[in-house]
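Asker: Below is a structure I'd like to ask you about.
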Amino acid sequence: MVALAAAVLLAAGCTWVLYGSSWLRVEKVTASGTEVLTPEQVLTAAAVPVGAPLVGVDTDEIASRLRSRLPRIDSVDVVRAWPHAIGLKVTERKPVLLIKKDAEFVEVDASGVRFDTVRQAPARVPVLELAADRSPSARRFDEERLLREAVGIAGSLPEAVAKETLQVKVRSYDAVLLELTKGRTVVWGSGELGEAKGRALTALLKAAPKADHFDVSVPTAPAVSGS
């Protein structure tokens with residue numbers, strides 16, 4: 001009986017320390033991992049209840065609130081840092097393609113999520129040019145499907161090639177062109193065999209640095225022309 005009473009008192013004491021005392025309450029909130037966003041934006045959107053018992057903070061709710069209010073955030077870890085802090089570690093979405101909209105640009109990540117609209121195009125991110133209205137494939141593949149195809153291609157480009165790509169031009173499902181720096185063009189074809197096409201293009205760019213036209217639509221038989 002004495003042991004039971006002691007256990008009850010201990011449990012009550014622990015509960016009071018965690019929830020009722022001022023010892024383990026949120027006093028500090030930090031944000032890390034930001035690139036385009038600022039830590040201040042993250043802290044404001046998170047709205048962590050400073051002064052609340054640390055153990056009672058709903059970390060899942062905070063994470064959900066951040067992703068909802070700041071679509072640029074792809075994922076976030078909300079961590080209790082005992083005894084008085086909450087840490088917010090965010091991972092931002094990376095644009096792989098831009099959609100021109102009037103004088104602005106819509107950023108699209110590798111999953112096809114349109115997560116922000118900016119006035120200045122980020123460096124080294126290609127712009128989509130969709131011109132498939134007169135293509136026979138337009139009946140089978142609507143604009144959204146073609147956009148996903150372009151995003152998949154842009155997201156699969158080798159890093160060295162992606163940095164040189166200015167535009168992704170979609171004429172039809174299987175007629176995608178890349179416009180590179182220095183006036184170079186690449187016939188990519190469809191989005192299939194993207195990894196093999198990326199390897200073939202990388203090899204061609206190294207083997208023929210002065211060429212201005214490349215064709216990797218059939219990656220087992222790539223072609224190059226111009227000088």
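Note on naming: chains are A, B, ... as they come in the structure tokens, residues start from 1 per chain, ligands start from 1 in the order shown.
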Would you pick out the contacts of Val218 (chain A) at 9 Å or less, using only C-alpha atoms, so that residues sharing its chain but fewer than 5 positions from it are not included, and give the list as a short mmCIF file (atom, residue, chain, number, x, y, z; two decimals) with N, CA and C atoms, in the first residue's frame?
Answerer:
```cif
data_model
loop_
_atom_site.label_atom_id
_atom_site.label_comp_id
_atom_site.auth_asym_id
_atom_site.auth_seq_id
_atom_site.Cartn_x
_atom_site.Cartn_y
_atom_site.Cartn_z
N TRP A 188 15.57 15.91 -77.46
CA TRP A 188 15.47 14.95 -76.36
C TRP A 188 14.48 13.84 -76.65
N GLY A 189 13.45 14.15 -77.42
CA GLY A 189 12.41 13.17 -77.69
C GLY A 189 11.39 13.11 -76.58
N LEU A 193 13.58 6.84 -70.91
CA LEU A 193 15.03 6.58 -70.92
C LEU A 193 15.83 7.83 -70.57
N LYS A 197 19.64 9.00 -71.69
CA LYS A 197 19.80 10.19 -72.53
C LYS A 197 20.72 11.21 -71.86
N ALA A 223 23.47 11.58 -81.83
CA ALA A 223 24.08 12.26 -82.99
C ALA A 223 24.44 13.69 -82.62
#
```
Asker: Produce a table with one row for each residue of region 142-208 of chain A that has an atom at most 10 Å from any atom of region 112-117 of chain A, each row naming the nearest atom pair and its distance in Å at one decimal; use only C-alpha atoms; arrange rows by chain and rising residue number; format as a tab-separated table.
Answerer:
```
residue	atom	partner	partner_atom	distance
A:Glu144	CA	A:Gly112	CA	9.7
A:Leu147	CA	A:Gly112	CA	8.0
A:Arg148	CA	A:Gly112	CA	6.1
A:Glu149	CA	A:Gly112	CA	9.3
A:Ala150	CA	A:Gly112	CA	9.3
A:Val151	CA	A:Gly112	CA	6.2
A:Gly152	CA	A:Gly112	CA	8.0
A:Gly155	CA	A:Gly112	CA	9.5
```
Asker: Atoms to include: N, CA and C atoms. Write the selected residues as a PDB file, in the first residue's frame.
Answerer:
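The resulting again34.pdb:
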```
ATOM      1  N   GLU A 144      -1.550  19.473 -68.703  1.00  0.00           N
ATOM      2  CA  GLU A 144      -1.022  19.055 -67.400  1.00  0.00           C
ATOM      3  C   GLU A 144      -0.123  17.835 -67.536  1.00  0.00           C
ATOM      4  N   LEU A 147       3.096  18.967 -69.019  1.00  0.00           N
ATOM      5  CA  LEU A 147       3.875  19.661 -67.999  1.00  0.00           C
ATOM      6  C   LEU A 147       4.606  18.652 -67.118  1.00  0.00           C
ATOM      7  N   ARG A 148       3.904  17.597 -66.708  1.00  0.00           N
ATOM      8  CA  ARG A 148       4.552  16.577 -65.880  1.00  0.00           C
ATOM      9  C   ARG A 148       5.708  15.919 -66.617  1.00  0.00           C
ATOM     10  N   GLU A 149       5.519  15.742 -67.923  1.00  0.00           N
ATOM     11  CA  GLU A 149       6.590  15.153 -68.735  1.00  0.00           C
ATOM     12  C   GLU A 149       7.803  16.074 -68.742  1.00  0.00           C
ATOM     13  N   ALA A 150       7.568  17.370 -68.921  1.00  0.00           N
ATOM     14  CA  ALA A 150       8.670  18.335 -68.940  1.00  0.00           C
ATOM     15  C   ALA A 150       9.367  18.397 -67.592  1.00  0.00           C
ATOM     16  N   VAL A 151       8.575  18.350 -66.509  1.00  0.00           N
ATOM     17  CA  VAL A 151       9.154  18.382 -65.164  1.00  0.00           C
ATOM     18  C   VAL A 151      10.024  17.149 -64.941  1.00  0.00           C
ATOM     19  N   GLY A 152       9.536  16.004 -65.389  1.00  0.00           N
ATOM     20  CA  GLY A 152      10.307  14.772 -65.239  1.00  0.00           C
ATOM     21  C   GLY A 152      11.632  14.844 -65.979  1.00  0.00           C
ATOM     22  N   GLY A 155      13.928  17.389 -64.188  1.00  0.00           N
ATOM     23  CA  GLY A 155      14.401  16.856 -62.916  1.00  0.00           C
ATOM     24  C   GLY A 155      15.410  15.737 -63.053  1.00  0.00           C
TER      25      GLY A 155
END
```
Asker: Any idea what's packed within 9 Å of Val50 (chain A), counting only C-alpha atoms, ignoring anything in its chain fewer than 4 positions away? Could you give it as number ranges by chain?
Answerer: A: 25-29, 54
Asker: Print the selection's residues with all heavy atoms to a file, as a short mmCIF file (atom, residue, chain, number, x, y, z; two decimals), in the first residue's frame.
Answerer:
```
data_model
loop_
_atom_site.label_atom_id
_atom_site.label_comp_id
_atom_site.auth_asym_id
_atom_site.auth_seq_id
_atom_site.Cartn_x
_atom_site.Cartn_y
_atom_site.Cartn_z
N ARG A 25 9.20 24.65 -19.81
CA ARG A 25 8.32 25.35 -20.73
C ARG A 25 9.11 25.93 -21.91
O ARG A 25 10.32 26.11 -21.82
CB ARG A 25 7.56 26.46 -20.01
CG ARG A 25 6.56 25.90 -18.99
CD ARG A 25 5.79 26.97 -18.26
NE ARG A 25 4.80 26.36 -17.38
CZ ARG A 25 3.55 26.07 -17.74
NH1 ARG A 25 3.14 26.37 -18.96
NH2 ARG A 25 2.73 25.51 -16.88
N VAL A 26 8.39 26.18 -23.01
CA VAL A 26 9.04 26.69 -24.21
C VAL A 26 9.51 28.12 -23.98
O VAL A 26 8.70 29.02 -23.72
CB VAL A 26 8.08 26.65 -25.42
CG1 VAL A 26 8.78 27.22 -26.66
CG2 VAL A 26 7.59 25.23 -25.68
N GLU A 27 10.82 28.33 -24.07
CA GLU A 27 11.38 29.67 -23.92
C GLU A 27 12.07 30.14 -25.19
O GLU A 27 12.25 31.34 -25.41
CB GLU A 27 12.38 29.69 -22.76
CG GLU A 27 11.77 29.43 -21.40
CD GLU A 27 12.79 29.44 -20.28
OE1 GLU A 27 13.99 29.69 -20.58
OE2 GLU A 27 12.41 29.20 -19.12
N LYS A 28 12.44 29.21 -26.06
CA LYS A 28 13.21 29.57 -27.25
C LYS A 28 12.79 28.69 -28.42
O LYS A 28 12.59 27.48 -28.26
CB LYS A 28 14.71 29.39 -26.97
CG LYS A 28 15.61 29.78 -28.12
CD LYS A 28 17.07 29.59 -27.74
CE LYS A 28 18.01 29.98 -28.88
NZ LYS A 28 19.44 29.76 -28.53
N VAL A 29 12.66 29.29 -29.61
CA VAL A 29 12.34 28.57 -30.83
C VAL A 29 13.37 28.96 -31.90
O VAL A 29 13.60 30.15 -32.12
CB VAL A 29 10.92 28.88 -31.34
CG1 VAL A 29 10.58 28.01 -32.55
CG2 VAL A 29 9.89 28.68 -30.24
N LEU A 54 6.63 22.24 -22.60
CA LEU A 54 7.35 21.67 -23.74
C LEU A 54 6.78 20.32 -24.15
O LEU A 54 6.65 20.02 -25.34
CB LEU A 54 8.83 21.54 -23.39
CG LEU A 54 9.79 21.18 -24.54
CD1 LEU A 54 9.75 22.23 -25.63
CD2 LEU A 54 11.21 21.03 -24.00
#
```
Asker: Just give me the gap between CA of Leu24 (chain A) and CA of Trp82 (chain A) in Å, one decimal is fine.
Answerer: 7.5 Å
Asker: How many Å lie between CA of Ala103 (chain A) and CA of Ala160 (chain A), rounded to one decimal?
Answerer: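 About the pair CA of Ala103 (chain A) and CA of Ala160 (chain A): they are 28.0 Å apart.
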Asker: Between CA of Val187 (chain A) and CA of Pro219 (chain A), what is the distance, to one decimal in Å?
Answerer: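 That distance, rounded to one decimal, is 10.7 Å.
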Asker: DSSP on the backbone: which residues in region 31-145 of chain A end up as alpha helix (DSSP H)? Give the answer as a PyMOL selection string.
Answerer: chain A and resi 39-46+59-69+143-145
